[in-house]
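Asker: Supplied in structure tokens, the structure appears directly below.
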Amino acid sequence: MKGKPERKGTAFREIGKGTAGKGIIYVGGEAASSLVSLLVIIYLARALPVSLFGLYIIAIAFTQFLGVSGNFGLGTALRKMLPGKGRKEGKAIMANGFLMAAWISAAIAVAGAAASSFIAIHIYGTQAMVLPVMMAFASVFLYVVFNMSSAALVGSGMVAESVIGNLAYSVSQLVATVALVSAGYGIGGAMVAFLASLVVGFAVEFAYLLSKVGMLGWHFEKERAKEMATFSAPVAVSNIANIGMGGFAIILLGAFASHYVVGNYGAAAKLGVVISLIIASNTFLLLPAFSRIAADRKLRRRMGDAYNNSVYYTSLFLLPFVAYLVAVSKPLILALISKAYPLAPEYFSVMAIGLAVGSVGLYAGTTVVSLGNTMKFMRYQLAVLGIEAISALVLIPVFGAAGALASIFVITPISAAIVYAGPLRREFGIMIKLERPVRVAMAAIVLGFLLAVISLATGQRLYSVAIDAAAALVLYPPILALAGGIGEKEVSFIRESTAGMIGVGKAISLLADYVEMFIIPVR
């Protein structure tokens, strides 16, 4: 009788360890990719006048918003449906997903390119926006198929290959951007570099995909397509609410604020991508893991544990990182970009905190999707999207950048957490338990305060960034342990999840040893 519970617990723990292991690889790769992308933004912010950089940010926002933040939810469908499928069925799922995404994105690209002159001249009041807007619409197709190939790789268990593809995209964009902009092609050169890098990234990822599954066949199946559309439509709504509205806010802000303000806001938002990518990367990996748990009747009852553990372990590493970035935002941003962006540090601080809070609602949505209740999920997301859209349309025209920050990074993440808390408990029996994340948040707040004091004391110069980084590594573990944010059980799980990882495993093991020095044993 004792054997069965032990096996269930072991299976649940193994899924958690496997997800954590892949998560470190994927998030690490995404962090490296986002760092290279950040170098692109730093270069453009320095190479272009602030107002022209603002125009570039608006153009990229069109791609982000109209691509429904990557793939219209069809990428999520691939990550949900591919795990555990055989080669033949997997190929059929991929082929139908790619075909649907390609048709939708191609239609948007053609229609948008035709309307680009009207948008540039009559909404933004400048002829200089015609070519960037036209190229932004054209890039929607490439943006979508690139993200679809990444989702197909992750759904097929090829996480490392997806990371390589993303790195190929980022590095090629950096090289092409520097080459074209330095040659005098300005915004047009930056947009061409963006298009070319999407082609490179897609080519690398699709080549990996073909090496594993072979030619997809491209046979359209009406019933399968209907199943994928039914699943992906609610996810597309979620993508608009969680990511796409950030692009919409910039598009709207460009019509009501100066391009100088948009440039500052855009610089901060692009730096915030580092945080949002970490959270989004986790959802990439959590969906297949949650789906495996949901598919097993014995493990399904522990879905609440899976959700709460995901929120907790994300907060354990994300919140101190956010605290550090907020504390050093002024010296970091002004040193990396330039003193021409004095508003960006304040904007970035609000964005960073809002993105961290938003992970609670984002993971809740991933949990609902994994349980297969996509129509219920869409209702909840429509509620969140409605709040977000109304607040943006009301606040941005009146308050400009402050309205965008309040709408996207304050009102929306709080609303999402509230909207999901009731249904998760009532319909799925999942209680959102925030005791451990709150303790971690308390530790992060104390850490952020101390790091801000250190930054001010050192004159908020570039070396303050390095000093604060060292101080964070020394101060966070004891503060976290004394706040009750971590115990021996959590340290043991982290050790097991990272054991055997060359370099990373050893570093985390040493950090775990340091944390254990401050943990008060439970008697």
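So you can find residues: chains in the structure tokens are A, B, ... in the order shown, residues in each start at 1, and ligands are numbered from 1 in order.
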Got a sec: who's within 10 Å of A:Ala471, counting only C-alpha atoms, leaving out chain neighbours fewer than 4 positions off, as a VMD selection string?
Answerer: chain A and resid 324 447 450 to 451 454 465 to 467 475 to 476
Asker: Between atom CA of A:Ser232 and atom CA of A:Leu66, what is the spacing in Å?
Answerer: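 Computing it gives 15.7 Å between the two atoms.
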Asker: Do you know which residues are at most 7 Å from A:Phe256 counting only C-alpha atoms, after dropping those on the same chain fewer than 4 positions away, and could you put them as JSON, numbers by chain?
Answerer: {"A": [252, 397, 400]}
Asker: Only N, CA, C and O atoms, please: the residues just picked out, written as a short mmCIF file (atom, residue, chain, number, x, y, z; two decimals), in the first residue's frame.
Answerer:
data_model
loop_
_atom_site.label_atom_id
_atom_site.label_comp_id
_atom_site.auth_asym_id
_atom_site.auth_seq_id
_atom_site.Cartn_x
_atom_site.Cartn_y
_atom_site.Cartn_z
N LEU A 252 -0.28 53.39 -29.56
CA LEU A 252 -1.20 54.45 -29.12
C LEU A 252 -0.43 55.64 -28.57
O LEU A 252 -0.77 56.80 -28.84
N PRO A 397 -4.25 58.65 -23.79
CA PRO A 397 -4.47 59.96 -24.41
C PRO A 397 -4.39 61.13 -23.42
O PRO A 397 -4.02 62.24 -23.79
N GLY A 400 -0.41 60.17 -21.22
CA GLY A 400 0.77 59.78 -21.99
C GLY A 400 1.47 58.56 -21.43
O GLY A 400 0.85 57.54 -21.15
#
Asker: Taking 5 positions as the minimum chain separation for residues in the same chain, which residues sit within 9 Å of A:Phe65 when counting only C-alpha atoms? Answer as a PyMOL selection string.
Answerer: chain A and resi 60+70+240+243-248+251
Asker: Interatomic distance between atom CA of A:Leu74 and atom CA of A:Gly422?
Answerer: 27.3 Å
Asker: For A:Gly354, which residue among A:Gly386, A:Gly263, A:Gly403, A:Pro413 is the nearest when counting only C-alpha atoms?
Answerer: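 For A:Gly354, the nearest of the candidates is A:Pro413.
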Asker: Which residues are close to stretch 194-205 of chain A, i.e. within 10 Å by only C-alpha atoms, leaving aside same-chain residues fewer than 4 positions away? Reply as a VMD selection string.
Answerer: chain A and resid 60 135 to 136 138 to 153 158 161 to 177 188 to 190 209 to 211
Asker: Counting only C-alpha atoms, which of A:Arg46, A:Lys330, A:His122, A:Arg79 gets nearest to A:Gln460?
Answerer: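 For A:Gln460, the nearest of the given residues is A:Lys330.
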Asker: Which residue, A:Met228, A:Ile387, A:Ala417, A:Ile432, has the smallest gap to A:Ala306 when you use only C-alpha atoms?
Answerer: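 The shortest atom-to-atom distance to A:Ala306 comes from A:Ile432.
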Asker: Of the candidates A:Pro234, A:Val440, A:Ala267, A:Phe206, which shows the shortest atom-to-atom distance to A:Thr314, using only C-alpha atoms?
Answerer: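 Ranked by minimum distance to A:Thr314, first place goes to A:Val440.
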